[in-house]
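Reviewing the structure listed below.
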Amino acid sequence: MSKINIKPLADRVLIKPLEAETTTASGLIIPDSAKEKQQKGTVIAVGNGTKDEAMTVKVGDTVLFGKYAGTELVLEDTEYLIMREADILAIV
């Protein structure tokens, strides 16, 4: 993987969503049309925070975020999400 040259501003975080499950626990294969959007990902880059609050998450953290949180962007054929730290629900 090449180094990403994006530095989020203020309290924004760049996240690479984890791949969606392709099979169920019982072994059934899930077709592409039935896969749900993944709500877990890895933090790739973080901003400096705001003057009132420092950033809680750090690069490499696995986080949970809301289903419709963030803005999708594609760089070098890889999908990422950029969102405010407040949109992150938990660190796993």
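Ligands are numbered from 1 in the order shown, chains are lettered A, B, ... in the order of the structure tokens, and residues start at 1 in each chain.
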
* Can you tell me, as a list in words, what residues are no more than 8 Å from range 16-25 of chain A when counting only C-alpha atoms, ignoring any on the same chain fewer than 2 positions away? -> Leu14, Gly27, Leu28, Ile29, Ile30, Pro31, Lys35, Glu36, Lys37, Gln38, Gln39, Lys40, Gly41, Thr42, Val43, Ile44, Glu79, Tyr80 and Leu81 of chain A

Export N, CA and C atoms of the chosen residues as an mmCIF file, in the first residue's frame?
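File produced: part16.cif:
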data_model
loop_
_atom_site.group_PDB
_atom_site.id
_atom_site.type_symbol
_atom_site.label_atom_id
_atom_site.label_comp_id
_atom_site.auth_asym_id
_atom_site.auth_seq_id
_atom_site.Cartn_x
_atom_site.Cartn_y
_atom_site.Cartn_z
ATOM 1 N N LEU A 14 -9.603 10.316 8.497
ATOM 2 C CA LEU A 14 -9.669 9.527 7.271
ATOM 3 C C LEU A 14 -9.705 8.059 7.674
ATOM 4 N N GLY A 27 -22.220 -20.316 6.973
ATOM 5 C CA GLY A 27 -21.546 -20.667 5.729
ATOM 6 C C GLY A 27 -22.270 -20.263 4.459
ATOM 7 N N LEU A 28 -23.410 -19.596 4.568
ATOM 8 C CA LEU A 28 -24.120 -19.149 3.376
ATOM 9 C C LEU A 28 -23.396 -17.971 2.743
ATOM 10 N N ILE A 29 -23.318 -17.963 1.423
ATOM 11 C CA ILE A 29 -22.648 -16.878 0.706
ATOM 12 C C ILE A 29 -23.638 -15.732 0.517
ATOM 13 N N ILE A 30 -23.200 -14.523 0.844
ATOM 14 C CA ILE A 30 -24.051 -13.342 0.722
ATOM 15 C C ILE A 30 -23.786 -12.699 -0.640
ATOM 16 N N PRO A 31 -24.837 -12.530 -1.471
ATOM 17 C CA PRO A 31 -24.624 -11.885 -2.777
ATOM 18 C C PRO A 31 -24.331 -10.395 -2.608
ATOM 19 N N LYS A 35 -25.364 -7.315 0.546
ATOM 20 C CA LYS A 35 -24.350 -6.911 1.526
ATOM 21 C C LYS A 35 -24.684 -5.537 2.078
ATOM 22 N N GLU A 36 -24.497 -5.376 3.384
ATOM 23 C CA GLU A 36 -24.733 -4.088 4.021
ATOM 24 C C GLU A 36 -23.434 -3.297 4.081
ATOM 25 N N LYS A 37 -23.565 -1.986 4.121
ATOM 26 C CA LYS A 37 -22.410 -1.104 4.221
ATOM 27 C C LYS A 37 -21.709 -1.356 5.567
ATOM 28 N N GLN A 38 -20.415 -1.555 5.520
ATOM 29 C CA GLN A 38 -19.646 -1.825 6.731
ATOM 30 C C GLN A 38 -19.614 -0.598 7.626
ATOM 31 N N GLN A 39 -19.737 -0.788 8.936
ATOM 32 C CA GLN A 39 -19.733 0.311 9.894
ATOM 33 C C GLN A 39 -18.495 0.276 10.787
ATOM 34 N N LYS A 40 -17.469 -0.426 10.339
ATOM 35 C CA LYS A 40 -16.227 -0.527 11.094
ATOM 36 C C LYS A 40 -15.077 -0.257 10.143
ATOM 37 N N GLY A 41 -14.035 0.409 10.629
ATOM 38 C CA GLY A 41 -12.910 0.699 9.763
ATOM 39 C C GLY A 41 -11.646 1.015 10.541
ATOM 40 N N THR A 42 -10.571 1.216 9.798
ATOM 41 C CA THR A 42 -9.270 1.525 10.384
ATOM 42 C C THR A 42 -8.923 2.978 10.107
ATOM 43 N N VAL A 43 -8.434 3.669 11.124
ATOM 44 C CA VAL A 43 -8.047 5.069 10.987
ATOM 45 C C VAL A 43 -6.727 5.140 10.215
ATOM 46 N N ILE A 44 -6.727 5.907 9.118
ATOM 47 C CA ILE A 44 -5.545 6.060 8.266
ATOM 48 C C ILE A 44 -4.808 7.366 8.577
ATOM 49 N N GLU A 79 -11.405 2.789 -1.551
ATOM 50 C CA GLU A 79 -12.447 3.628 -0.968
ATOM 51 C C GLU A 79 -12.080 4.034 0.457
ATOM 52 N N TYR A 80 -12.332 5.299 0.775
ATOM 53 C CA TYR A 80 -12.097 5.836 2.111
ATOM 54 C C TYR A 80 -13.315 6.643 2.531
ATOM 55 N N LEU A 81 -13.403 6.913 3.813
ATOM 56 C CA LEU A 81 -14.403 7.828 4.360
ATOM 57 C C LEU A 81 -13.664 8.920 5.114
#

* To do: Tell me which of A:Ala69, A:Val74, A:Val46, A:Ile88 sits closest to Arg12 in chain A, counting only C-alpha atoms.
  => A:Val46

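If only C-alpha atoms are the atoms counted, then among A:Val13, A:Ile91, A:Val57, A:Leu73 the closest residue to Ala45 in chain A is A:Val13.
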
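Reported to one decimal place, the separation of CA of Thr56 in chain A from CA of Thr71 in chain A is 20.1 Å.
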
* Asked: When you draw a straight line from CA of Asn48 in chain A to CA of Gly60 in chain A, how long is it in Å?
  -> 15.8 Å

* Asked: Would you give me, as an MDAnalysis selection string, the residues in chain A that DSSP reads as strand (DSSP E or B)?
  -> chainID A and resid 12:17 23 29 40:46 62:65 71:75 78:84 88:91
